[in-house]
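Novice: What follows is model05.txt, made up of compact mmCIF, C-alpha atoms and all ligand atoms:
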# COMPACT_ATOMS: atom_id res chain seq x y z
CA MET A 281 85.01 96.48 78.02
CA GLN A 282 87.02 97.15 81.18
CA PHE A 283 86.52 99.99 83.63
CA ILE A 284 90.29 100.21 84.14
CA ASP A 285 92.56 98.32 81.73
CA LEU A 286 95.62 97.00 83.56
CA VAL A 287 96.23 94.33 80.93
CA SER A 288 97.32 96.70 78.14
CA GLN A 289 99.75 98.36 80.53
CA GLN A 290 101.20 95.04 81.64
CA LYS A 291 101.71 93.88 78.06
CA ARG A 292 103.99 96.86 77.41
CA ILE A 293 106.28 96.24 80.38
CA ARG A 294 105.80 92.58 81.33
CA LYS A 295 109.46 91.75 80.59
CA GLU A 296 110.78 94.60 82.74
CA ILE A 297 108.43 93.68 85.60
CA GLU A 298 109.57 90.06 85.52
CA GLU A 299 113.20 91.13 85.37
CA ASN A 300 112.76 93.44 88.36
CA ILE A 301 110.97 90.75 90.39
CA ARG A 302 113.73 88.29 89.50
CA LYS A 303 116.32 90.70 90.90
CA VAL A 304 114.46 90.77 94.22
CA LEU A 305 114.28 86.96 94.27
CA ASP A 306 118.03 86.91 93.70
CA HIS A 307 119.05 89.39 96.41
CA GLY A 308 116.35 88.24 98.84
CA LYS A 309 115.94 91.56 100.66
CA TYR A 310 112.15 91.35 100.80
CA ILE A 311 111.85 93.95 103.55
CA MET A 312 113.32 97.41 102.88
CA GLY A 313 115.46 96.20 100.00
CA PRO A 314 117.37 98.57 97.68
CA GLU A 315 114.32 98.98 95.40
CA ILE A 316 112.49 100.82 98.20
CA ILE A 317 115.15 103.53 98.38
CA GLU A 318 115.37 103.71 94.59
CA LEU A 319 111.60 104.16 94.33
CA GLU A 320 111.56 106.80 97.07
CA GLN A 321 114.30 108.76 95.30
CA THR A 322 112.69 108.38 91.89
CA LEU A 323 109.26 109.53 93.02
CA SER A 324 110.43 112.38 95.26
CA GLY A 325 112.42 113.66 92.28
CA TYR A 326 109.41 113.33 89.99
CA VAL A 327 106.97 115.21 92.24
CA GLY A 328 109.55 117.72 93.45
CA ALA A 329 109.35 116.96 97.17
CA LYS A 330 112.49 116.67 99.28
CA HIS A 331 111.57 113.37 100.94
CA ALA A 332 109.50 110.31 100.11
CA ILE A 333 108.69 107.57 102.62
CA ALA A 334 107.22 104.38 101.15
CA CYS A 335 104.57 102.62 103.20
CA ALA A 336 102.06 99.79 103.12
CA SER A 337 98.96 101.60 101.80
CA GLY A 338 97.42 104.99 101.19
CA THR A 339 95.55 104.57 104.46
CA ASP A 340 98.80 103.98 106.34
CA ALA A 341 100.30 107.02 104.62
CA LEU A 342 97.47 109.17 106.03
CA LEU A 343 97.71 107.52 109.43
CA LEU A 344 101.49 108.07 109.57
CA ALA A 345 101.04 111.72 108.58
CA LEU A 346 98.52 112.35 111.36
CA MET A 347 100.66 110.43 113.87
CA ALA A 348 103.67 112.53 112.87
CA TYR A 349 101.72 115.59 113.99
CA GLY A 350 100.74 113.84 117.21
CA VAL A 351 97.01 113.98 116.43
CA GLY A 352 94.96 112.34 119.18
CA PRO A 353 91.98 112.69 121.52
CA GLY A 354 90.91 116.31 121.88
CA ASP A 355 91.92 117.24 118.35
CA ALA A 356 89.77 118.17 115.39
CA VAL A 357 90.80 117.76 111.75
CA PHE A 358 88.91 119.37 108.86
CA THR A 359 88.20 117.25 105.80
CA SER A 360 85.75 116.54 102.99
CA PRO A 361 82.69 114.32 103.47
CA PHE A 362 82.82 113.45 99.76
CA THR A 363 85.77 111.05 99.64
CA PHE A 364 86.76 107.46 100.31
CA ILE A 365 86.31 106.43 103.94
CA ALA A 366 90.07 106.15 104.57
CA THR A 367 90.51 109.94 104.55
CA ALA A 368 88.34 110.45 107.65
CA GLU A 369 88.70 106.99 109.19
CA VAL A 370 92.31 107.64 110.23
CA ILE A 371 91.19 110.77 112.14
CA ASN A 372 88.74 108.71 114.23
CA LEU A 373 91.21 105.87 114.61
CA LEU A 374 93.51 108.22 116.53
CA GLY A 375 90.67 109.40 118.76
CA ALA A 376 90.35 112.77 117.06
CA VAL A 377 87.20 114.13 115.41
CA PRO A 378 86.69 114.83 111.71
CA VAL A 379 85.05 118.19 111.06
CA PHE A 380 83.47 117.88 107.63
CA VAL A 381 83.45 120.77 105.20
CA ASP A 382 81.30 120.67 102.09
CA ILE A 383 82.73 120.55 98.58
CA ASP A 384 82.76 122.84 95.58
CA PRO A 385 80.15 121.59 93.07
CA LYS A 386 82.54 121.90 90.08
CA THR A 387 85.81 120.51 91.44
CA PHE A 388 84.26 118.11 94.01
CA ASN A 389 87.07 119.21 96.33
CA ILE A 390 86.81 120.93 99.72
CA ASP A 391 85.38 124.46 99.39
CA PRO A 392 87.90 126.96 100.83
CA GLU A 393 85.14 129.49 101.62
CA LYS A 394 83.29 126.90 103.71
CA LEU A 395 86.54 125.81 105.29
CA LYS A 396 87.03 129.35 106.50
CA GLN A 397 83.54 129.33 108.04
CA ALA A 398 84.16 125.95 109.64
CA ILE A 399 87.36 127.16 111.28
CA THR A 400 85.55 130.20 112.67
CA ALA A 401 82.67 128.02 113.87
CA LEU A 402 84.97 125.60 115.66
CA ARG A 403 87.04 128.34 117.25
CA SER A 404 83.93 130.06 118.58
CA ASN A 405 82.08 126.76 119.20
CA ASP A 406 79.15 128.12 117.21
CA SER A 407 77.39 125.47 115.13
CA SER A 408 75.00 128.06 113.71
CA LEU A 409 77.91 129.10 111.46
CA HIS A 410 78.72 125.58 110.26
CA PRO A 411 77.34 122.09 111.02
CA LEU A 412 79.85 120.91 113.63
CA PRO A 413 79.86 117.34 114.94
CA SER A 414 77.63 117.07 118.00
CA VAL A 415 80.54 115.62 120.00
CA LEU A 416 81.96 119.13 119.80
CA SER A 417 79.08 120.64 121.76
CA PRO A 418 79.98 123.18 124.49
CA GLN A 419 79.70 120.48 127.19
CA SER A 420 82.38 118.30 125.66
CA SER A 421 84.34 121.50 124.94
CA LYS A 422 87.99 121.74 124.20
CA ARG A 423 88.49 120.29 120.75
CA SER A 424 91.39 122.14 119.26
CA PRO A 425 91.62 122.45 115.49
CA LYS A 426 94.87 120.80 114.46
CA GLY A 427 94.90 120.52 110.72
CA ILE A 428 93.25 119.95 107.37
CA ILE A 429 93.20 116.89 105.12
CA ALA A 430 92.35 118.11 101.63
CA VAL A 431 91.55 115.47 99.00
CA ASP A 432 92.48 115.68 95.31
CA LEU A 433 89.31 113.91 94.25
CA PHE A 434 89.27 111.99 90.96
CA GLY A 435 92.82 113.23 90.36
CA LEU A 436 92.23 116.99 90.41
CA PRO A 437 94.32 118.88 93.00
CA ALA A 438 92.38 120.84 95.63
CA ASP A 439 92.81 124.62 95.95
CA TYR A 440 96.02 124.58 98.04
CA GLU A 441 96.73 128.24 97.52
CA ARG A 442 93.67 129.19 99.56
CA ILE A 443 93.75 126.17 101.86
CA SER A 444 97.37 126.77 102.83
CA ALA A 445 96.75 130.48 103.39
CA LEU A 446 93.93 129.64 105.83
CA ALA A 447 96.10 127.01 107.49
CA ALA A 448 98.95 129.47 107.98
CA GLU A 449 96.58 132.06 109.43
CA HIS A 450 95.23 129.59 111.99
CA GLY A 451 98.33 127.50 112.71
CA LEU A 452 96.98 124.33 111.12
CA PHE A 453 98.84 121.65 109.18
CA VAL A 454 97.78 120.68 105.65
CA ILE A 455 97.84 117.06 104.55
CA GLU A 456 97.27 116.41 100.86
CA ASP A 457 95.33 113.19 100.27
CA ALA A 458 96.82 112.54 96.85
CA ALA A 459 95.67 108.91 96.67
CA GLN A 460 93.95 109.67 93.35
CA SER A 461 96.18 112.42 92.01
CA PHE A 462 99.73 111.12 91.60
CA GLY A 463 100.94 112.69 88.35
CA ALA A 464 98.54 115.65 88.50
CA GLU A 465 99.66 119.29 88.46
CA SER A 466 98.46 122.66 89.61
CA ASN A 467 100.13 125.66 87.94
CA GLY A 468 103.35 123.76 87.42
CA THR A 469 103.48 122.16 90.89
CA LYS A 470 103.00 118.41 90.98
CA ALA A 471 100.49 116.68 93.23
CA CYS A 472 102.28 115.26 96.29
CA ALA A 473 104.29 118.48 96.53
CA MET A 474 101.41 120.50 97.98
CA GLY A 475 100.60 120.71 101.64
CA ASP A 476 102.98 119.91 104.51
CA ILE A 477 102.73 116.15 104.01
CA ALA A 478 101.22 114.47 100.96
CA CYS A 479 99.94 110.92 101.01
CA THR A 480 99.37 108.74 97.99
CA SER A 481 98.15 105.20 97.36
CA PHE A 482 99.47 102.53 95.01
CA PHE A 483 96.31 100.40 95.15
CA PRO A 484 95.96 98.71 91.72
CA ALA A 485 93.14 100.98 90.49
CA LYS A 486 94.94 104.27 91.25
CA PRO A 487 96.73 106.26 88.52
CA PHE A 488 100.16 105.01 89.68
CA ALA A 489 99.87 101.60 91.21
CA CYS A 490 101.52 98.38 92.27
CA TYR A 491 100.18 94.81 92.26
CA GLY A 492 98.84 94.87 95.80
CA ASP A 493 98.65 97.47 98.54
CA GLY A 494 101.15 100.29 98.80
CA GLY A 495 101.46 103.98 99.54
CA MET A 496 103.84 106.85 100.12
CA CYS A 497 104.26 110.03 102.17
CA PHE A 498 106.04 113.08 100.78
CA THR A 499 107.34 116.09 102.67
CA ASN A 500 109.95 118.84 102.46
CA ASP A 501 110.36 118.83 106.24
CA ASP A 502 113.44 116.94 107.52
CA ARG A 503 112.01 116.42 110.99
CA LEU A 504 108.65 115.08 109.78
CA LYS A 505 110.51 112.74 107.44
CA GLU A 506 112.51 111.31 110.36
CA ILE A 507 109.40 110.87 112.51
CA ILE A 508 107.45 109.15 109.70
CA GLU A 509 110.39 106.81 109.00
CA SER A 510 110.47 105.90 112.68
CA LEU A 511 106.67 105.46 112.93
CA ARG A 512 106.73 103.23 109.84
CA VAL A 513 108.83 100.67 111.76
CA HIS A 514 107.24 100.51 115.23
CA GLY A 515 108.65 103.86 116.31
CA LYS A 516 112.25 102.75 116.01
CA GLY A 517 115.06 104.87 117.39
CA THR A 518 118.64 104.79 116.22
CA HIS A 519 118.82 101.21 117.45
CA LYS A 520 116.25 98.73 116.12
CA TYR A 521 115.35 97.39 119.57
CA ASP A 522 115.31 100.76 121.34
CA ASN A 523 112.00 102.26 120.26
CA VAL A 524 111.42 105.92 120.95
CA ARG A 525 107.70 106.17 120.16
CA ILE A 526 104.68 103.98 119.43
CA GLY A 527 104.44 103.24 115.73
CA ILE A 528 103.11 100.66 113.29
CA ASN A 529 104.38 98.04 110.87
CA GLY A 530 103.76 100.16 107.81
CA ARG A 531 106.46 99.24 105.32
CA LEU A 532 106.08 98.76 101.57
CA ASP A 533 107.22 95.36 100.24
CA THR A 534 110.41 95.38 98.17
CA ILE A 535 108.69 93.36 95.42
CA GLN A 536 106.02 96.06 95.03
CA ALA A 537 108.71 98.74 94.72
CA ALA A 538 110.44 96.63 92.06
CA ILE A 539 107.18 96.38 90.09
CA MET A 540 106.59 100.12 90.36
CA LEU A 541 110.09 100.96 89.14
CA ALA A 542 109.20 99.14 85.91
CA LYS A 543 105.82 100.85 85.72
CA PHE A 544 107.34 104.28 86.30
CA GLU A 545 109.22 104.08 83.00
CA ILE A 546 105.97 104.59 81.12
CA PHE A 547 104.06 106.58 83.74
CA PRO A 548 104.68 110.14 82.44
CA GLU A 549 103.50 108.96 79.03
CA GLU A 550 100.40 107.42 80.62
CA ILE A 551 99.56 110.72 82.30
CA ALA A 552 99.79 112.41 78.89
CA LEU A 553 97.56 109.71 77.37
CA ARG A 554 94.99 110.30 80.12
CA GLN A 555 94.81 113.97 79.03
CA THR A 556 94.12 112.89 75.44
CA VAL A 557 91.38 110.50 76.56
CA ALA A 558 89.78 113.12 78.84
CA LYS A 559 89.80 115.78 76.10
CA ARG A 560 88.20 113.37 73.65
CA TYR A 561 85.48 112.54 76.17
CA SER A 562 84.88 116.19 76.82
CA GLY A 563 84.44 116.88 73.08
CA LEU A 564 82.08 113.93 72.64
CA PHE A 565 79.95 114.83 75.69
CA SER A 566 79.47 118.40 74.49
CA GLU A 567 76.90 116.79 72.15
CA VAL A 568 75.00 115.12 75.01
CA PRO A 569 72.87 117.84 76.61
CA SER A 570 71.57 115.86 79.60
CA ILE A 571 75.08 115.06 80.86
CA THR A 572 77.51 117.38 82.64
CA PRO A 573 81.07 116.20 82.01
CA PRO A 574 83.82 117.14 84.49
CA ALA A 575 85.00 120.74 84.24
CA MET A 576 88.52 121.38 82.94
CA PHE A 577 90.55 124.10 84.63
CA GLU A 578 93.24 126.38 83.21
CA GLY A 579 96.65 125.52 84.65
CA MET A 580 95.47 122.22 86.14
CA VAL A 581 96.44 118.75 84.98
CA SER A 582 94.25 116.04 86.46
CA ALA A 583 95.54 112.50 86.89
CA TRP A 584 92.03 111.42 85.84
CA ALA A 585 91.75 108.63 88.38
CA GLN A 586 88.06 108.73 87.47
CA TYR A 587 86.08 110.37 84.70
CA SER A 588 82.92 111.32 86.55
CA LEU A 589 79.73 112.63 84.98
CA MET A 590 76.69 114.28 86.48
CA ALA A 591 73.27 112.98 85.45
CA GLU A 592 70.15 115.13 85.88
CA SER A 593 68.79 113.15 88.84
CA SER A 594 69.32 109.86 90.62
CA ALA A 595 66.58 108.25 88.49
CA HIS A 596 68.28 109.51 85.33
CA ARG A 597 71.59 108.10 86.59
CA ALA A 598 70.05 104.69 87.27
CA GLU A 599 68.52 104.64 83.81
CA LEU A 600 71.84 105.54 82.15
CA GLN A 601 73.79 102.99 84.14
CA GLU A 602 71.30 100.32 83.10
CA ARG A 603 71.48 101.35 79.46
CA LEU A 604 75.30 101.27 79.47
CA LYS A 605 75.35 97.95 81.29
CA ASN A 606 73.14 96.42 78.62
CA LYS A 607 75.72 97.49 76.04
CA GLY A 608 78.56 95.93 78.03
CA ILE A 609 79.92 99.21 79.41
CA PRO A 610 80.78 99.18 83.12
CA THR A 611 80.08 102.20 85.33
CA ALA A 612 80.65 102.90 89.03
CA ILE A 613 79.45 105.40 91.61
CA TYR A 614 82.07 107.32 93.57
CA TYR A 615 80.53 107.94 96.05
CA PRO A 616 76.94 106.94 96.65
CA LYS A 617 76.86 108.12 100.28
CA PRO A 618 78.82 111.00 101.78
CA LEU A 619 80.75 110.11 104.92
CA HIS A 620 78.66 112.20 107.33
CA LEU A 621 75.64 109.98 106.56
CA GLN A 622 77.47 106.67 106.94
CA THR A 623 76.86 104.47 109.99
CA ALA A 624 80.55 104.50 110.96
CA PHE A 625 80.29 108.25 111.62
CA ALA A 626 76.86 108.21 113.27
CA SER A 627 78.41 109.34 116.55
CA LEU A 628 79.18 112.70 114.95
CA GLY A 629 75.44 113.35 114.95
CA HIS A 630 75.12 114.71 111.42
CA ALA A 631 71.81 114.71 109.54
CA PRO A 632 70.80 114.93 105.87
CA GLY A 633 71.07 118.55 104.79
CA ASP A 634 74.27 119.26 106.73
CA PHE A 635 76.42 119.16 103.59
CA PRO A 636 73.98 119.69 100.73
CA VAL A 637 76.50 119.91 97.88
CA SER A 638 78.06 116.53 98.75
CA GLU A 639 74.61 115.02 99.19
CA GLY A 640 73.36 116.36 95.85
CA VAL A 641 76.47 115.24 93.99
CA SER A 642 76.32 111.74 95.51
CA GLU A 643 72.83 111.34 94.05
CA ARG A 644 73.77 112.28 90.51
CA ILE A 645 77.42 111.39 89.94
CA PHE A 646 78.77 108.30 88.22
CA SER A 647 82.03 107.29 86.55
CA ILE A 648 82.67 105.67 83.18
CA PRO A 649 85.70 103.72 81.89
CA MET A 650 88.90 105.78 82.15
CA HIS A 651 92.47 104.68 81.56
CA PRO A 652 95.38 105.62 79.28
CA TYR A 653 94.63 102.87 76.75
CA LEU A 654 91.04 103.76 75.94
CA THR A 655 90.75 104.08 72.14
CA GLU A 656 88.84 106.73 70.26
CA SER A 657 86.45 104.12 68.84
CA ASP A 658 85.72 102.74 72.34
CA GLN A 659 85.06 106.27 73.58
CA LYS A 660 82.67 106.93 70.69
CA MET A 661 80.90 103.66 71.45
CA ILE A 662 80.57 104.64 75.12
CA VAL A 663 79.21 108.11 74.40
CA ASP A 664 76.86 106.75 71.70
CA ALA A 665 75.39 104.42 74.30
CA PHE A 666 74.00 107.49 76.12
CA ASP A 667 71.68 108.08 73.21
CA GLU A 668 68.02 107.33 74.00
CA LYS A 669 67.58 105.16 70.89
C1 LIG A 701 92.23 104.87 97.76
C2 LIG A 701 92.13 106.03 98.63
C3 LIG A 701 92.70 106.04 99.93
C4 LIG A 701 93.26 104.82 100.59
O1 LIG A 701 94.28 104.18 99.90
P1 LIG A 701 94.57 102.63 100.17
O2 LIG A 701 95.88 102.41 99.49
O3 LIG A 701 93.46 101.85 99.57
O4 LIG A 701 94.67 102.43 101.63
C5 LIG A 701 92.63 107.22 100.66
N1 LIG A 701 92.05 108.32 100.17
C6 LIG A 701 91.49 108.35 98.95
C7 LIG A 701 90.87 109.61 98.46
C8 LIG A 701 91.49 107.20 98.15
O5 LIG A 701 90.91 107.23 96.94
Write the structure described by the file as structure tokens, please.
Ligand SMILES: *Cc1c(COP(=O)(O)O)cnc(C)c1O
Specialist:
Amino acid sequence: MQFIDLVSQQKRIRKEIEENIRKVLDHGKYIMGPEIIELEQTLSGYVGAKHAIACASGTDALLLALMAYGVGPGDAVFTSPFTFIATAEVINLLGAVPVFVDIDPKTFNIDPEKLKQAITALRSNDSSLHPLPSVLSPQSSKRSPKGIIAVDLFGLPADYERISALAAEHGLFVIEDAAQSFGAESNGTKACAMGDIACTSFFPAKPFACYGDGGMCFTNDDRLKEIIESLRVHGKGTHKYDNVRIGINGRLDTIQAAIMLAKFEIFPEEIALRQTVAKRYSGLFSEVPSITPPAMFEGMVSAWAQYSLMAESSAHRAELQERLKNKGIPTAIYYPKPLHLQTAFASLGHAPGDFPVSEGVSERIFSIPMHPYLTESDQKMIVDAFDEK
């Protein structure tokens, strides 16, 4: 059994993918070919954002978004410690400091109440209100809060209504890390249309993916769109060899766009199939008392990048993973260590206990196979494997 089944998907659209690749081979515009613009228009229309800017990865999408806001040394950006490293890595890469804010135990997304406290703590430089990074101590002073990167973890959109209200109150930008949530919805608004800039990833294991690395930024803001387009190609100005800012080589390959145009034809259906699979799981797990399946929320459509369960303890998790493995069922842990306890962020000076919800979740959470092509009989087999016998 596969954790994510990309083979069944490919079988459905192999002909279209080959045809689209052949077109690229024929026209030869491997860099910024017509498929890039077609994909940008298709996806901005789908999510309901005015602009889409294709780029080389989800990480580059986040980097471009922060660069567009001029984030650099002296700045602080609020984000979750319970996410993939890329979310916070780009903050450090630009010389700014991530200010972690613990998550909600049900959604696994940034907790707006704690975000509010963190903003107050940073503004008043009072780490008794919230565990601030030690590099923000009074001596090093002047770190100005610039923005928030909220993550739609496992495909479920964060609480943008409250996050954006706080951001507006304090003059902060909101970046939506939608790497896992392309196709999701919150009260009728699609993921990638929340926040000031949204960033998604087309890494093969994400809900909407290419056959390599890829990503995209979305925004309704004309000026941000122009800046991101410039940053994507070394900070180009109106003339290719007259650069107006420092940028990166962050383009998406034409061939990847061509592949995704074929995949998009069946994507809305795949998102619907993911809902069916998730609902079936949720019904089956209601019979397994020692497991807490992911909560479902009224008005929310998750992209179900992962189906993540909570065991009773880390020992219980290890035992279940072993039992499933012996029956040929793969599992994975997203994420075994929150970012504030990882070596890469040691300079922030955090200690165990700083973000107890993230720490507790990281000890008990694990993910089981999830993709649109999971059959009812496979799901029954998976859930049966949890049985002690
Ligand atoms: C995958 C992922 C990224 C990075 O995307 P890449 O395309 O691998 O660079 C960023 N944030 C989150 C939450 C992710 O899951």
Novice: Hey, could you pull the box centre and edge lengths for range 540-550 of chain A, axis-aligned, 8 Å padding per side, all listed atoms, to one decimal in Å, as JSON?
Specialist:
{"center_x": 105.2, "center_y": 104.6, "center_z": 84.7, "size_x": 25.7, "size_y": 27.0, "size_z": 27.3}
Novice: Please identify all polymer residues within 6 Å of Ala336 in chain A, counting only C-alpha atoms, omitting same-chain residues fewer than 3 positions from it, and present them as a list in words.
Specialist: Gly494, Gly495, Gly530, Arg531 and Leu532 of chain A
Novice: Between A:Thr322, A:Leu621, A:Ser481, A:Arg560, which is the closest to Ala366 in chain A once you count only C-alpha atoms?
Specialist: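 Closest residue, counting only C-alpha atoms: A:Ser481.
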Novice: For Tyr615 in chain A, which residue out of A:Asn523, A:Thr400, A:Ser627, A:Ser588 is the nearest one, using only C-alpha atoms?
Specialist: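 Going through A:Asn523, A:Thr400, A:Ser627, A:Ser588 one by one, the smallest distance to Tyr615 in chain A is for A:Ser588.
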Novice: Using all atoms listed in the file, list the residues that have an atom at most 10 Å from (103.1, 104.4, 90.3), coordinates as in the file, as a ChimeraX atom specification.
Specialist: /A:319,323,462-463,480-484,486-490,494-495,537,539-548
Novice: Which is closest to Gly354 in chain A among A:Val327, A:Ile443, A:Ala591, A:Val415, if we use only C-alpha atoms?
Specialist: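 Distance minimum relative to Gly354 in chain A lands on A:Val415.
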Novice: For chain A versus ligand LIG 701 (chain A), which residues have an atom no more than 7 Å away, and what is each residue's nearest atom pair and distance in Å rounded to one decimal, using only C-alpha atoms and all ligand atoms, chain-then-number order, as JSON lines?
Specialist:
{"residue": "A:Ser337", "atom": "CA", "partner": "A:LIG701", "partner_atom": "O2", "distance": 3.9}
{"residue": "A:Gly338", "atom": "CA", "partner": "A:LIG701", "partner_atom": "O2", "distance": 3.5}
{"residue": "A:Thr339", "atom": "CA", "partner": "A:LIG701", "partner_atom": "O4", "distance": 3.7}
{"residue": "A:Asp340", "atom": "CA", "partner": "A:LIG701", "partner_atom": "O4", "distance": 6.5}
{"residue": "A:Thr363", "atom": "CA", "partner": "A:LIG701", "partner_atom": "C7", "distance": 5.4}
{"residue": "A:Phe364", "atom": "CA", "partner": "A:LIG701", "partner_atom": "C7", "distance": 5.0}
{"residue": "A:Ala366", "atom": "CA", "partner": "A:LIG701", "partner_atom": "C5", "distance": 4.8}
{"residue": "A:Thr367", "atom": "CA", "partner": "A:LIG701", "partner_atom": "N1", "distance": 4.9}
{"residue": "A:Val431", "atom": "CA", "partner": "A:LIG701", "partner_atom": "C7", "distance": 5.9}
{"residue": "A:Leu433", "atom": "CA", "partner": "A:LIG701", "partner_atom": "C7", "distance": 6.2}
{"residue": "A:Asp457", "atom": "CA", "partner": "A:LIG701", "partner_atom": "N1", "distance": 5.9}
{"residue": "A:Ala458", "atom": "CA", "partner": "A:LIG701", "partner_atom": "C7", "distance": 6.8}
{"residue": "A:Ala459", "atom": "CA", "partner": "A:LIG701", "partner_atom": "C8", "distance": 4.8}
{"residue": "A:Gln460", "atom": "CA", "partner": "A:LIG701", "partner_atom": "O5", "distance": 5.3}
{"residue": "A:Ser481", "atom": "CA", "partner": "A:LIG701", "partner_atom": "O2", "distance": 4.2}
{"residue": "A:Phe482", "atom": "CA", "partner": "A:LIG701", "partner_atom": "O2", "distance": 5.7}
{"residue": "A:Phe483", "atom": "CA", "partner": "A:LIG701", "partner_atom": "O2", "distance": 4.8}
{"residue": "A:Asp493", "atom": "CA", "partner": "A:LIG701", "partner_atom": "O2", "distance": 5.7}
{"residue": "A:Gly494", "atom": "CA", "partner": "A:LIG701", "partner_atom": "O2", "distance": 5.7}
{"residue": "A:Gly495", "atom": "CA", "partner": "A:LIG701", "partner_atom": "O2", "distance": 5.8}
Novice: Counting all atoms listed in the file, I want the residues whose atoms come within 12 Å of (85.0, 99.4, 83.9) in the file frame, returned as JSON, numbers by chain.
Specialist: {"A": [281, 282, 283, 284, 285, 286, 485, 586, 587, 601, 604, 605, 608, 609, 610, 611, 612, 613, 646, 647, 648, 649, 650, 651, 654, 662]}
Novice: Emit the selected residues as a PDB file, in the coordinates of the input, including C-alpha atoms.
Specialist:
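This went into again_29.pdb:
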ATOM      1  CA  MET A 281      85.010  96.480  78.020  1.00  0.00           C
ATOM      2  CA  GLN A 282      87.020  97.150  81.180  1.00  0.00           C
ATOM      3  CA  PHE A 283      86.520  99.990  83.630  1.00  0.00           C
ATOM      4  CA  ILE A 284      90.290 100.210  84.140  1.00  0.00           C
ATOM      5  CA  ASP A 285      92.560  98.320  81.730  1.00  0.00           C
ATOM      6  CA  LEU A 286      95.620  97.000  83.560  1.00  0.00           C
ATOM      7  CA  ALA A 485      93.140 100.980  90.490  1.00  0.00           C
ATOM      8  CA  GLN A 586      88.060 108.730  87.470  1.00  0.00           C
ATOM      9  CA  TYR A 587      86.080 110.370  84.700  1.00  0.00           C
ATOM     10  CA  GLN A 601      73.790 102.990  84.140  1.00  0.00           C
ATOM     11  CA  LEU A 604      75.300 101.270  79.470  1.00  0.00           C
ATOM     12  CA  LYS A 605      75.350  97.950  81.290  1.00  0.00           C
ATOM     13  CA  GLY A 608      78.560  95.930  78.030  1.00  0.00           C
ATOM     14  CA  ILE A 609      79.920  99.210  79.410  1.00  0.00           C
ATOM     15  CA  PRO A 610      80.780  99.180  83.120  1.00  0.00           C
ATOM     16  CA  THR A 611      80.080 102.200  85.330  1.00  0.00           C
ATOM     17  CA  ALA A 612      80.650 102.900  89.030  1.00  0.00           C
ATOM     18  CA  ILE A 613      79.450 105.400  91.610  1.00  0.00           C
ATOM     19  CA  PHE A 646      78.770 108.300  88.220  1.00  0.00           C
ATOM     20  CA  SER A 647      82.030 107.290  86.550  1.00  0.00           C
ATOM     21  CA  ILE A 648      82.670 105.670  83.180  1.00  0.00           C
ATOM     22  CA  PRO A 649      85.700 103.720  81.890  1.00  0.00           C
ATOM     23  CA  MET A 650      88.900 105.780  82.150  1.00  0.00           C
ATOM     24  CA  HIS A 651      92.470 104.680  81.560  1.00  0.00           C
ATOM     25  CA  LEU A 654      91.040 103.760  75.940  1.00  0.00           C
ATOM     26  CA  ILE A 662      80.570 104.640  75.120  1.00  0.00           C
TER      27      ILE A 662
END
Novice: Which is closest to Ile551 in chain A among A:Phe666, A:Ser594, A:Asn529, A:Gly435, if we use only C-alpha atoms?
Specialist: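 Smallest separation from Ile551 in chain A among the options: A:Gly435.
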Novice: Which value, in Å to one decimal, gives the distance between CA of Val557 in chain A and CA of Pro652 in chain A?
Specialist: 6.9 Å
Novice: Could you check which of A:Tyr521, A:Phe498, A:Phe625, A:Tyr491 is closest to Glu320 in chain A, using only C-alpha atoms?
Specialist: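 Counting only C-alpha atoms, the residue closest to Glu320 in chain A is A:Phe498.
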Novice: From the set A:Ser288, A:Asn500, A:Gln659, A:Thr387, which residue has the shortest atom-to-atom contact distance to Val641 in chain A, counting only C-alpha atoms?
Specialist: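 Ranking A:Ser288, A:Asn500, A:Gln659, A:Thr387 by distance to Val641 in chain A, first place goes to A:Thr387.
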Novice: Find the nearest atom pair between each residue of range 322-436 of chain A and range 561-585 of chain A for residues within 12 Å, count all atoms listed in the file, give distances in Å to one decimal, sort rows by chain and ascending number, and present the table as CSV.
Specialist:
residue,atom,partner,partner_atom,distance
A:Asp384,CA,A:Ala575,CA,11.7
A:Pro385,CA,A:Ala575,CA,10.1
A:Lys386,CA,A:Ala575,CA,6.4
A:Thr387,CA,A:Ala575,CA,7.2
A:Phe388,CA,A:Pro574,CA,9.6
A:Asp432,CA,A:Ser582,CA,9.0
A:Leu433,CA,A:Ala585,CA,8.3
A:Phe434,CA,A:Ala585,CA,4.9
A:Gly435,CA,A:Ala583,CA,4.5
A:Leu436,CA,A:Ser582,CA,4.5
Novice: Can you sort out range 544-548 of chain A so it carries N, CA and C atoms, written as a short mmCIF file (atom, residue, chain, number, x, y, z; two decimals), keeping the file's coordinate frame?
Specialist:
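Wrote part_16.cif, looks like this:
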data_model
loop_
_atom_site.label_atom_id
_atom_site.label_comp_id
_atom_site.auth_asym_id
_atom_site.auth_seq_id
_atom_site.Cartn_x
_atom_site.Cartn_y
_atom_site.Cartn_z
N PHE A 544 107.05 102.85 86.37
CA PHE A 544 107.34 104.28 86.30
C PHE A 544 107.92 104.69 84.95
N GLU A 545 108.61 103.77 84.30
CA GLU A 545 109.22 104.08 83.00
C GLU A 545 108.20 104.61 82.00
N ILE A 546 106.97 104.13 82.09
CA ILE A 546 105.97 104.59 81.12
C ILE A 546 104.92 105.50 81.76
N PHE A 547 105.10 105.81 83.05
CA PHE A 547 104.06 106.58 83.74
C PHE A 547 103.85 108.00 83.20
N PRO A 548 104.93 108.79 82.98
CA PRO A 548 104.68 110.14 82.44
C PRO A 548 103.92 110.10 81.12
#
